[in-house]
Amino acid sequence: MKLLFSTFLLLMSIALIAGGSAAQVDDRPIFAFRNGDIWKLDLAGGIAQPLTHWDSNGGPILSPNGAEIVFLSLSPEFVAQYEAGATTQAGGAAPANIWVMDVASETFTLIADQTGASAAGILRSLPNWSPDSRQLAWLQLDPGAQTLDSAQLLLHDLESGAASTLVAKVDLGFQASDIRMPSLRWGDGGIAWLHFDFANGGQNPFLHIQFLDPTSGEMKQYDLGLKETRGNTVRDFMWVKHLGRSLMALQIQNYWDVIDPQDGSRSRLSAPPRLQNRNRPGGLQLIPHAVEDGRGGWVIHWHASSGVNIFDTGYRSARVNRNYRPALSSDGMAMAWQDDERVSLWRLGSAEGSQSLAEIASRWEFPLPQPFGLVWAPSEWVTSDSLARAQVAPALEPRASGCDLAPLLRPGQQAAVSPGLANRVRDSASLEARVIGTIEASDVVTIDTGPVCADGYHWYSVRNERIAGWTAQGSDGAYWLLYHVNCVNSPPIRLTATMRAKVSDGYALSVRSGKGNVGTAVLAVAAPGDTFMITGWPECDSSGERWYPIQFDSMLGWIAAGSGDYYFIEAAG
């Protein structure tokens with residue numbers, strides 16, 4: 001099966017090069033933002049054209065029912081001041097108005113302007129649609145009349161045209177010289193946004209997530225235990241359908257947590273959430289797989305799933321949020337994304353081909369919140385029923401006998417908590433010691449001291465950026481702390497030395513003479529369900545995948561643990 005990768009350059013001349021494969025794509029147009037204007041790409045008719053000529057728009061965001069698009073537009077007063085040299089603002093949020101475009105008629109309605117603003121103008125976040133597409137919510141601040149702890153959360157009803165205040169006083173938290181309005185997320189679980197600030201006179205940074213029930217007005221705030229100034233901050237967040245509920249998914253480094261807005265409880269996902277067409281859930285699902293970039297950051301590799309088949313679409317993005325999120329076609333079988341001046345297209349099952357438009361002239365553009373947008377058909381984030389992994393481990397009972405598990409770790413090594421449960425952390429190596437917190441599944445810690453055998457368990461003193469204390473190694477043949485090596489193209493570690501494992505269903509794996517597929521020989525082929533013994537620590541190959549040394553029958557060799565988000569082997573039980 002070949003994959004189609006078509007590239008479209010947004011152009012001033014607005015003429016598609018004839019021919020190609022655009023006829024294979026359904027006839028709903030793509031709406032894209034570029035150089036401050038909203039563009040329409042009519043793939044069926046082979047035409048691309050700007051729908052605005054204002055040079056100062058940001059967005060667009062499609063309503064859940066696909067009928068309307070909302071976007072920001074810099075206020076004419078601010079644009080005039082900027083062009084006259086009266087303001088030198090070069091970043092953050094700028095005074096903006098809010099517009100709604102009807103997709104069918106391509107007509108525009110101004111729903112929020114600068115009426116009543118001070119000379120500094122009103123700063124607004126990008127609006128978010130209610131799940132039923134009937135309302136819009138946004139944060140706004142008049143910096144000339146208010147302080148940073150006095151922003152407002154507003155609600156606009158599309159049918160009546162009436163605006164109301166949901167929250168009269170919202171604290172925007174810490175801001176640098178340029179004010180950046182928080183991004184809102186509105187789903188079935190309510191309206192959410194992140195809040196970053198400092199405590200104790202600016203010494204301790206903290207990151208909260210705020211949840212608002214727009215019906216009752218109840219607001220809840222949960223400390224995420226992360227530091228906005230460090231690498232483990234929340235990179236992106238969105239509402240997901242998870243086990244029949246609407247929960248908030250948080251991307252942290254290369255893993256995802258879900259948090260319940262009702263009580264703040266968190267779980268670790270064993271795989272990223274998936275983006276699908278809201279009206280065609282049987283179509284493609286897009287998977288954002290985070291891969292380390294070698295500089296301490298992460299690049300999102302977008303894969304497309306169709307049944308059991310996984311395809312690399314070739315799209316790479318810095319994040320998952322609306323700046324970089326791909327759009328799905330209305331038939332659910334194609335995706336498009338915007339990369340600088342290009343709109344690129346990938347369709348399942350099509351022959352390779354390409355199209356392009358001639359280059360557009362560069363025009364003035366002022367940075368708006370999330371300025372690069374692309375919409376095609378309504379979409380939603382989902383997880384599968386098997387992805388709830390992290391929960392508090394069951395309470396341990398003291399043992400009369402000695403420690404049953406051989407201690408495998410030593411000080412100076414790193415360890416990861418095995419998938420499935422979270423390890424309790426205590427202030428000393430004893431079941432009588434005070435519980436001071438937990439280490440979530442797949443979290444990595446450094447071993448400082450240990451092992452210490454007490455109450456029938458081996459204990460290690462561990463630490464990471466969130467917590468430090470003592471935790472148990474495991475029980476009844478199951479290791480909860482696993483030797484960790486970070487192989488960037490493999491899923492989180494879940495097996496360790498001395499464990500018996502098996503090949504997962506659906507895979508047949510080569511047992512090789514060394515780690516990796518390059519420069520090693522195939523010694524045997526292990527079929528689904530075949531078992532083997534892990535004889536030592538895992539290692540990464542040159543492609544960033546994790547391999548284990550094993551004994552397969554009487555043969556010694558190496559076997560791959562998995563690739564991307566997928567496991568090839570598992571514990572034999």
# chains A, B, ... in the order shown; residues from 1 in each chain; ligands from 1

$ residues_around --residues "Met101 (chain A)" --least-positions-apart "5" --cutoff "10 Å" --atoms "only C-alpha atoms" --output "list of chain:residue names"
A:Leu51, A:Pro60, A:Leu62, A:Ala67, A:Glu68, A:Ile69, A:Val70, A:Phe71, A:Glu106, A:Thr107, A:Phe108, A:Thr109, A:Leu110

$ write_last_selection --atoms "all heavy atoms" --output "mmCIF file, in the first residue's frame"
data_model
loop_
_atom_site.group_PDB
_atom_site.id
_atom_site.type_symbol
_atom_site.label_atom_id
_atom_site.label_comp_id
_atom_site.auth_asym_id
_atom_site.auth_seq_id
_atom_site.Cartn_x
_atom_site.Cartn_y
_atom_site.Cartn_z
ATOM 1 N N LEU A 51 -9.822 34.463 2.552
ATOM 2 C CA LEU A 51 -11.173 34.922 2.862
ATOM 3 C C LEU A 51 -11.161 36.246 3.610
ATOM 4 O O LEU A 51 -12.188 36.914 3.704
ATOM 5 C CB LEU A 51 -11.902 33.861 3.693
ATOM 6 C CG LEU A 51 -12.099 32.503 3.007
ATOM 7 C CD1 LEU A 51 -12.844 31.551 3.940
ATOM 8 C CD2 LEU A 51 -12.850 32.658 1.696
ATOM 9 N N PRO A 60 -7.551 29.532 12.916
ATOM 10 C CA PRO A 60 -8.967 29.458 13.306
ATOM 11 C C PRO A 60 -9.251 28.232 14.162
ATOM 12 O O PRO A 60 -8.461 27.309 14.203
ATOM 13 C CB PRO A 60 -9.680 29.346 11.953
ATOM 14 C CG PRO A 60 -8.692 28.585 11.104
ATOM 15 C CD PRO A 60 -7.311 28.983 11.578
ATOM 16 N N LEU A 62 -12.396 25.420 14.786
ATOM 17 C CA LEU A 62 -13.651 24.911 14.258
ATOM 18 C C LEU A 62 -14.567 24.484 15.396
ATOM 19 O O LEU A 62 -14.130 23.887 16.381
ATOM 20 C CB LEU A 62 -13.364 23.716 13.340
ATOM 21 C CG LEU A 62 -14.542 23.092 12.586
ATOM 22 C CD1 LEU A 62 -15.101 24.080 11.572
ATOM 23 C CD2 LEU A 62 -14.110 21.793 11.907
ATOM 24 N N ALA A 67 -19.858 23.728 11.927
ATOM 25 C CA ALA A 67 -20.627 24.748 11.216
ATOM 26 C C ALA A 67 -19.987 26.127 11.228
ATOM 27 O O ALA A 67 -20.237 26.938 10.333
ATOM 28 C CB ALA A 67 -22.036 24.849 11.813
ATOM 29 N N GLU A 68 -19.129 26.421 12.241
ATOM 30 C CA GLU A 68 -18.594 27.774 12.381
ATOM 31 C C GLU A 68 -17.129 27.721 12.796
ATOM 32 O O GLU A 68 -16.654 26.734 13.367
ATOM 33 C CB GLU A 68 -19.414 28.569 13.404
ATOM 34 C CG GLU A 68 -20.849 28.819 12.971
ATOM 35 C CD GLU A 68 -21.664 29.497 14.046
ATOM 36 O OE1 GLU A 68 -21.831 28.880 15.118
ATOM 37 O OE2 GLU A 68 -22.135 30.619 13.813
ATOM 38 N N ILE A 69 -16.435 28.815 12.519
ATOM 39 C CA ILE A 69 -15.034 28.971 12.883
ATOM 40 C C ILE A 69 -14.900 30.265 13.673
ATOM 41 O O ILE A 69 -15.445 31.302 13.289
ATOM 42 C CB ILE A 69 -14.140 29.019 11.634
ATOM 43 C CG1 ILE A 69 -14.084 27.636 10.972
ATOM 44 C CG2 ILE A 69 -12.735 29.502 11.968
ATOM 45 C CD1 ILE A 69 -13.379 27.629 9.643
ATOM 46 N N VAL A 70 -14.176 30.226 14.794
ATOM 47 C CA VAL A 70 -13.912 31.427 15.573
ATOM 48 C C VAL A 70 -12.438 31.769 15.462
ATOM 49 O O VAL A 70 -11.585 30.883 15.356
ATOM 50 C CB VAL A 70 -14.332 31.234 17.050
ATOM 51 C CG1 VAL A 70 -13.473 30.192 17.750
ATOM 52 C CG2 VAL A 70 -14.290 32.561 17.810
ATOM 53 N N PHE A 71 -12.127 33.054 15.456
ATOM 54 C CA PHE A 71 -10.729 33.479 15.404
ATOM 55 C C PHE A 71 -10.599 34.872 15.999
ATOM 56 O O PHE A 71 -11.586 35.604 16.167
ATOM 57 C CB PHE A 71 -10.188 33.443 13.968
ATOM 58 C CG PHE A 71 -10.908 34.343 12.993
ATOM 59 C CD1 PHE A 71 -10.448 35.627 12.722
ATOM 60 C CD2 PHE A 71 -12.039 33.894 12.322
ATOM 61 C CE1 PHE A 71 -11.107 36.449 11.816
ATOM 62 C CE2 PHE A 71 -12.700 34.710 11.413
ATOM 63 C CZ PHE A 71 -12.233 35.987 11.156
ATOM 64 N N GLU A 106 -19.681 31.562 4.503
ATOM 65 C CA GLU A 106 -18.416 32.302 4.599
ATOM 66 C C GLU A 106 -18.645 33.777 4.926
ATOM 67 O O GLU A 106 -17.956 34.673 4.441
ATOM 68 C CB GLU A 106 -17.607 32.145 3.305
ATOM 69 C CG GLU A 106 -17.192 30.700 3.045
ATOM 70 C CD GLU A 106 -16.488 30.505 1.723
ATOM 71 O OE1 GLU A 106 -16.183 31.516 1.060
ATOM 72 O OE2 GLU A 106 -16.244 29.342 1.340
ATOM 73 N N THR A 107 -19.625 34.024 5.792
ATOM 74 C CA THR A 107 -19.902 35.367 6.296
ATOM 75 C C THR A 107 -19.339 35.505 7.701
ATOM 76 O O THR A 107 -19.212 34.525 8.446
ATOM 77 C CB THR A 107 -21.410 35.639 6.323
ATOM 78 O OG1 THR A 107 -22.064 34.623 7.106
ATOM 79 C CG2 THR A 107 -21.971 35.628 4.901
ATOM 80 N N PHE A 108 -19.014 36.744 8.106
ATOM 81 C CA PHE A 108 -18.312 37.005 9.361
ATOM 82 C C PHE A 108 -19.184 37.837 10.302
ATOM 83 O O PHE A 108 -19.881 38.769 9.859
ATOM 84 C CB PHE A 108 -17.009 37.753 9.084
ATOM 85 C CG PHE A 108 -16.047 36.994 8.226
ATOM 86 C CD1 PHE A 108 -16.105 37.071 6.844
ATOM 87 C CD2 PHE A 108 -15.082 36.170 8.793
ATOM 88 C CE1 PHE A 108 -15.226 36.370 6.039
ATOM 89 C CE2 PHE A 108 -14.194 35.463 8.010
ATOM 90 C CZ PHE A 108 -14.269 35.557 6.635
ATOM 91 N N THR A 109 -19.116 37.517 11.604
ATOM 92 C CA THR A 109 -19.841 38.255 12.623
ATOM 93 C C THR A 109 -18.875 38.645 13.731
ATOM 94 O O THR A 109 -18.165 37.788 14.280
ATOM 95 C CB THR A 109 -20.975 37.408 13.221
ATOM 96 O OG1 THR A 109 -21.871 37.006 12.194
ATOM 97 C CG2 THR A 109 -21.731 38.199 14.282
ATOM 98 N N LEU A 110 -18.827 39.936 14.064
ATOM 99 C CA LEU A 110 -17.991 40.419 15.160
ATOM 100 C C LEU A 110 -18.753 40.224 16.459
ATOM 101 O O LEU A 110 -19.840 40.782 16.638
ATOM 102 C CB LEU A 110 -17.664 41.902 14.949
ATOM 103 C CG LEU A 110 -16.840 42.587 16.043
ATOM 104 C CD1 LEU A 110 -15.447 41.970 16.134
ATOM 105 C CD2 LEU A 110 -16.745 44.087 15.766
#

$ residues_around --residues "Arg274 (chain A)" --least-positions-apart "5" --cutoff "10 Å" --atoms "only C-alpha atoms" --output "PyMOL selection string"
chain A and resi 240-241+284-289+303-305+380-384

$ closest_atom_pairs --of "region 308-332 of chain A" --to "region 245-251 of chain A" --cutoff "12 Å" --atoms "only C-alpha atoms" --output "JSON lines"
{"residue": "A:Arg319", "atom": "CA", "partner": "A:Gln251", "partner_atom": "CA", "distance": 9.6}
{"residue": "A:Val320", "atom": "CA", "partner": "A:Gln251", "partner_atom": "CA", "distance": 8.9}
{"residue": "A:Asn321", "atom": "CA", "partner": "A:Gln251", "partner_atom": "CA", "distance": 10.4}

$ write_last_selection --atoms "N, CA and C atoms" --output "PDB file, in the first residue's frame"
ATOM      1  N   ARG A 319       4.963  20.452  18.914  1.00  0.00           N
ATOM      2  CA  ARG A 319       3.983  20.221  19.968  1.00  0.00           C
ATOM      3  C   ARG A 319       2.738  19.571  19.382  1.00  0.00           C
ATOM      4  N   VAL A 320       1.731  19.390  20.261  1.00  0.00           N
ATOM      5  CA  VAL A 320       0.475  18.770  19.852  1.00  0.00           C
ATOM      6  C   VAL A 320      -0.639  19.814  19.770  1.00  0.00           C
ATOM      7  N   ASN A 321      -0.420  21.016  20.330  1.00  0.00           N
ATOM      8  CA  ASN A 321      -1.515  21.979  20.433  1.00  0.00           C
ATOM      9  C   ASN A 321      -1.935  22.513  19.061  1.00  0.00           C
TER      10      ASN A 321
END

$ closest_residue --among "A:Leu226, A:Leu194, A:Val375, A:Val299" --to "Ala336 (chain A)" --atoms "only C-alpha atoms"
A:Val375

$ atom_distance --atom1 "CA of Leu431 (chain A)" --atom2 "CA of Gln414 (chain A)"
23.3 Å

$ select_by_dssp --residues "region 70-293 of chain A" --states "strand (DSSP E)" --output "NGL selection string"
:A and (70-74 or 96-102 or 107-112 or 123-124 or 128-129 or 135-141 or 151-157 or 163-170 or 185-187 or 190-199 or 204-212 or 219-223 or 234-242 or 245-252 or 255-259 or 266-269 or 274-277 or 285-292)

$ closest_residue --among "A:Glu83, A:Arg235, A:Asp113, A:Leu72" --to "Ser125 (chain A)" --atoms "only C-alpha atoms"
A:Leu72

$ residues_around --residues "Trp470 (chain A)" --least-positions-apart "4" --cutoff "7 Å" --atoms "only C-alpha atoms" --output "list in words"
Val425, Arg426, Asp427, Ser428, Ala429, Trp459, Tyr460, Ser461 and Val462 of chain A

$ residues_around --residues "Trp39 (chain A)" --least-positions-apart "2" --cutoff "8 Å" --atoms "only C-alpha atoms" --output "CSV table (one decimal) with N, CA, C and O atoms, in the first residue's frame"
chain,number,residue,atom,x,y,z
A,31,PHE,N,-9.5,25.1,5.8
A,31,PHE,CA,-9.3,26.5,6.2
A,31,PHE,C,-8.0,26.6,7.0
A,31,PHE,O,-7.8,25.8,7.9
A,32,ALA,N,-7.1,27.5,6.5
A,32,ALA,CA,-5.8,27.6,7.1
A,32,ALA,C,-5.5,29.1,7.4
A,32,ALA,O,-6.1,30.0,6.8
A,33,PHE,N,-4.6,29.3,8.4
A,33,PHE,CA,-4.2,30.6,8.7
A,33,PHE,C,-2.8,30.8,8.2
A,33,PHE,O,-1.9,29.9,8.3
A,34,ARG,N,-2.5,31.9,7.5
A,34,ARG,CA,-1.2,32.2,7.1
A,34,ARG,C,-1.1,33.7,6.9
A,34,ARG,O,-2.0,34.4,6.3
A,37,ASP,N,-4.1,36.1,7.8
A,37,ASP,CA,-5.4,35.9,7.1
A,37,ASP,C,-5.9,34.5,7.1
A,37,ASP,O,-5.1,33.5,7.3
A,41,LEU,N,-8.8,26.4,1.1
A,41,LEU,CA,-8.2,25.6,0.1
A,41,LEU,C,-9.3,24.6,-0.3
A,41,LEU,O,-9.7,23.7,0.4
A,48,ALA,N,-7.3,27.9,-4.2
A,48,ALA,CA,-7.0,28.4,-2.8
A,48,ALA,C,-7.1,29.9,-2.8
A,48,ALA,O,-6.6,30.6,-3.8
A,49,GLN,N,-7.8,30.5,-1.8
A,49,GLN,CA,-8.0,31.9,-1.8
A,49,GLN,C,-8.1,32.4,-0.4
A,49,GLN,O,-8.6,31.7,0.5
A,50,PRO,N,-7.7,33.7,-0.1
A,50,PRO,CA,-7.8,34.3,1.2
A,50,PRO,C,-9.3,34.7,1.4
A,50,PRO,O,-9.9,35.3,0.5
A,51,LEU,N,-9.8,34.5,2.6
A,51,LEU,CA,-11.2,34.9,2.9
A,51,LEU,C,-11.2,36.2,3.6
A,51,LEU,O,-12.2,36.9,3.7
A,52,THR,N,-10.0,36.6,4.2
A,52,THR,CA,-9.9,37.9,4.8
A,52,THR,C,-8.6,38.6,4.2
A,52,THR,O,-7.7,37.9,3.6

$ atom_distance --atom1 "CA of Leu224 (chain A)" --atom2 "CA of Val444 (chain A)"
17.1 Å

$ residues_around --residues "Leu481 (chain A)" --least-positions-apart "4" --cutoff "6 Å" --atoms "only C-alpha atoms" --output "short mmCIF file (atom, residue, chain, number, x, y, z; two decimals) with all heavy atoms, in the first residue's frame"
data_model
loop_
_atom_site.label_atom_id
_atom_site.label_comp_id
_atom_site.auth_asym_id
_atom_site.auth_seq_id
_atom_site.Cartn_x
_atom_site.Cartn_y
_atom_site.Cartn_z
N ALA A 415 16.36 3.73 38.10
CA ALA A 415 15.33 2.70 38.04
C ALA A 415 14.01 3.35 37.63
O ALA A 415 13.80 4.55 37.86
CB ALA A 415 15.18 2.01 39.39
N ALA A 416 13.15 2.55 36.99
CA ALA A 416 11.82 3.01 36.62
C ALA A 416 10.79 2.15 37.33
O ALA A 416 10.98 0.94 37.50
CB ALA A 416 11.62 2.93 35.10
N VAL A 417 9.68 2.77 37.74
CA VAL A 417 8.60 2.02 38.36
C VAL A 417 7.88 1.24 37.27
O VAL A 417 7.56 1.77 36.21
CB VAL A 417 7.63 2.97 39.09
CG1 VAL A 417 6.45 2.19 39.66
CG2 VAL A 417 8.36 3.70 40.20
N GLN A 473 11.31 -2.80 46.66
CA GLN A 473 11.73 -3.29 45.34
C GLN A 473 10.65 -4.12 44.66
O GLN A 473 10.50 -4.08 43.44
CB GLN A 473 12.99 -4.15 45.51
CG GLN A 473 13.44 -4.83 44.23
CD GLN A 473 14.59 -5.79 44.47
OE1 GLN A 473 15.62 -5.68 43.85
NE2 GLN A 473 14.41 -6.72 45.40
#

$ closest_residue --among "A:Tyr483, A:Trp302, A:Trp337, A:Phe568" --to "Glu539 (chain A)" --atoms "only C-alpha atoms"
A:Tyr483
